[in-house]
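J.: Before I ask anything, let me first share the structure, which is written out below as structure tokens.
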Amino acid sequence: MEDKISLSRVAMHISRGCLIVPIQIELYDEIILRIQKDILERVKETGVKGVILDISGVEIIDSFLAQAICDTVRMASILGAATVLTGLKPEVAASIVDLDIEFKDIKTAMNLEAGFQILEPLIRPKEEPEEIEKNEKIEQLKRETDETQEAQIDEDEEIEEEDSYENEERRKTD
Amino acid sequence: MKNEEKRIKISEEIDIAKAAFEGKLLAWTVGFKETGQYMIATVISELARNIFIYALRGEIIIKIIEKNNKKGLEIIAQDKGSGIKDIGQAMKDNFSTSNGLGLGLPGVKRIMDELVIDAKAGVGTKITARKWI
């Protein structure tokens, strides 16, 4: 029984701010429900904003599996992560249409790279470039103030040196 | 190769995948192309799931058939469940697939060439589906 559980685990990893879930096994009920649970847990744990479900290894999708996938996508979106389905086989696409399964709200892409491209604007909001500019400006200001401070410190040191020189002179005269 | 048939008892979830796999293998033996193999496997998966969900146990029989020098595959899904109350409604698109639990019979009809449903309330259901190459 324990072997079964360890077998049904899918190795997920995070890349470019997305949780990548490669499914390279033939799905059946128990496995998809396990994967569903694992994905939701990882999304909660890591707080990723994007999930890529790569089903290039899946050849048979019937109405139950399709529904389980749809549910997973919806659950992840409620948690705040957008999901893209990648690597659908032509046969799978054909059977989804023939079985009249609604894949309406689900984003799909040919491959991982295309999936990243769909998710990128969702993960990194448009305001961010402006923020980067702002941050750069702040850093530049910091650098400038640092420079003036350094200059001041140099002047201070010179003054100190002069002071010590004067002191020495005084000591000599004393 | 003639009259070759496979019987798969459906009583557990894993049997659904098993039946689909056997179907794909048999479809390959008959000479279905890859897409056809997957379509048949999907249909078997769908029919087996109906058995599992609505009747709990039953049987899938997959047969190689021949007619007028044409080869094909026959899939019989039978159970002793409560039958289908309203076949007309079950055959309507989006009747059950929208809430997700099996009964993708319109889809099965679309994929297969022939579909015969023999369902008597209280006796059981026998669904015969045929696909020619």
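Residue numbering restarts at 1 in every chain; chains get A, B, ... in the order shown in the structure tokens, and ligands count up from 1 in that same order.
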Using only C-alpha atoms, determine which residues of chain A fall within 12 Å of chain B; present them as a ChimeraX atom specification.

T.: /A:4,25-31,58-71,89-104

J.: Considering only C-alpha atoms, return as a count of residues only whatever protein or nucleic-acid residues lie within 10 Å of B:Ile64, sequence-local ones (same chain, fewer than 4 positions apart) excluded.

T.: 18

J.: I need the residue nearest B:Ile127 from this list: B:Gln78, B:Ser11, B:Gln89, B:Asn50. Use only C-alpha atoms for the distance.

T.: B:Gln78

J.: Once DSSP has gone over the backbone, tell me which residues of stretch 5-106 of chain B are in alpha helix (DSSP H), as a ChimeraX atom specification.

T.: /B:13-30,34-50,87-90,105-106

J.: Between atom CA of B:Gly81 and atom CA of B:Gly23, what is the distance, to one decimal in Å?

T.: 22.9 Å

J.: Could you give me, as a list in words, each residue of stretch 16-112 of chain A that DSSP assigns to strand (DSSP E) when run on this structure's backbone?

T.: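 Across stretch 16-112 of chain A, those assigned strand (DSSP E) are Cys18, Leu19, Ile20, Val21, Pro22, Gly50, Val51, Ile52, Leu53, Asp54, Ala82, Thr83, Val84, Leu85, Thr86, Lys107, Thr108 and Ala109 of chain A.
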
J.: For stretch 115-117 of chain A, please output as JSON, numbers by chain all residues within 7 Å (counting only C-alpha atoms; exclusion window: fewer than 4 positions along the same chain).

T.: {"A": [52, 84, 86, 109, 111]}

J.: Which residue is closest to B:Ala19? Choose from B:Ala129, B:Ile87, B:Val116, B:Ile76 and count only C-alpha atoms.

T.: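 Going through B:Ala129, B:Ile87, B:Val116, B:Ile76 one by one, the smallest distance to B:Ala19 is for B:Ile76.
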
J.: So which one's closest to A:Ile14, A:Glu139, A:Glu150, A:Glu45, A:Glu133? Using only C-alpha atoms, please.

T.: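 So, comparing all the options, the nearest one is A:Glu45.
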
J.: Grab the atom CA of A:Ile32 to atom CA of A:Thr83 distance for me, in Å with one decimal place.

T.: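 Computed distance, atom CA of A:Ile32 to atom CA of A:Thr83, equals 15.6 Å.
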
J.: Can you pull out every residue within 10 Å of A:Leu122, counting only C-alpha atoms, but drop anything in the same chain fewer than 2 positions away, and send it as a ChimeraX atom specification?

T.: /A:49-50,81-82,116-120,124-126

J.: With N, CA, C and O atoms retained, write the just-selected residues as an mmCIF file, in the first residue's frame.

T.:
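The resulting file, again_14.cif, is shown below:
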```cif
data_model
loop_
_atom_site.group_PDB
_atom_site.id
_atom_site.type_symbol
_atom_site.label_atom_id
_atom_site.label_comp_id
_atom_site.auth_asym_id
_atom_site.auth_seq_id
_atom_site.Cartn_x
_atom_site.Cartn_y
_atom_site.Cartn_z
ATOM 1 N N LYS A 49 2.441 31.898 -8.040
ATOM 2 C CA LYS A 49 1.301 32.512 -8.722
ATOM 3 C C LYS A 49 0.926 31.785 -10.006
ATOM 4 O O LYS A 49 -0.083 32.083 -10.627
ATOM 5 N N GLY A 50 1.794 30.831 -10.392
ATOM 6 C CA GLY A 50 1.524 30.103 -11.632
ATOM 7 C C GLY A 50 1.811 28.621 -11.490
ATOM 8 O O GLY A 50 2.732 28.219 -10.788
ATOM 9 N N ALA A 81 -3.454 30.948 -7.778
ATOM 10 C CA ALA A 81 -2.465 30.567 -8.786
ATOM 11 C C ALA A 81 -3.164 30.244 -10.111
ATOM 12 O O ALA A 81 -4.138 29.510 -10.142
ATOM 13 N N ALA A 82 -2.650 30.834 -11.179
ATOM 14 C CA ALA A 82 -3.194 30.548 -12.512
ATOM 15 C C ALA A 82 -2.524 29.284 -13.044
ATOM 16 O O ALA A 82 -1.353 29.048 -12.798
ATOM 17 N N PHE A 116 5.017 29.179 -20.079
ATOM 18 C CA PHE A 116 5.671 30.271 -19.343
ATOM 19 C C PHE A 116 5.242 31.622 -19.895
ATOM 20 O O PHE A 116 4.992 32.555 -19.147
ATOM 21 N N GLN A 117 5.173 31.692 -21.229
ATOM 22 C CA GLN A 117 4.823 32.968 -21.855
ATOM 23 C C GLN A 117 3.422 33.424 -21.473
ATOM 24 O O GLN A 117 3.171 34.610 -21.312
ATOM 25 N N ILE A 118 2.505 32.459 -21.331
ATOM 26 C CA ILE A 118 1.138 32.816 -20.917
ATOM 27 C C ILE A 118 1.140 33.285 -19.462
ATOM 28 O O ILE A 118 0.461 34.240 -19.104
ATOM 29 N N LEU A 119 1.931 32.600 -18.639
ATOM 30 C CA LEU A 119 1.877 32.882 -17.198
ATOM 31 C C LEU A 119 2.687 34.115 -16.789
ATOM 32 O O LEU A 119 2.381 34.756 -15.795
ATOM 33 N N GLU A 120 3.716 34.439 -17.585
ATOM 34 C CA GLU A 120 4.626 35.508 -17.193
ATOM 35 C C GLU A 120 3.923 36.822 -16.834
ATOM 36 O O GLU A 120 4.175 37.383 -15.763
ATOM 37 N N ARG A 124 4.221 38.318 -13.049
ATOM 38 C CA ARG A 124 4.840 39.625 -12.829
ATOM 39 C C ARG A 124 3.898 40.701 -13.339
ATOM 40 O O ARG A 124 3.796 40.928 -14.545
ATOM 41 N N PRO A 125 3.190 41.360 -12.450
ATOM 42 C CA PRO A 125 2.243 42.391 -12.865
ATOM 43 C C PRO A 125 2.933 43.528 -13.612
ATOM 44 O O PRO A 125 4.129 43.737 -13.469
ATOM 45 N N LYS A 126 2.111 44.268 -14.398
ATOM 46 C CA LYS A 126 2.670 45.312 -15.258
ATOM 47 C C LYS A 126 3.322 46.447 -14.470
ATOM 48 O O LYS A 126 4.176 47.152 -14.981
#
```
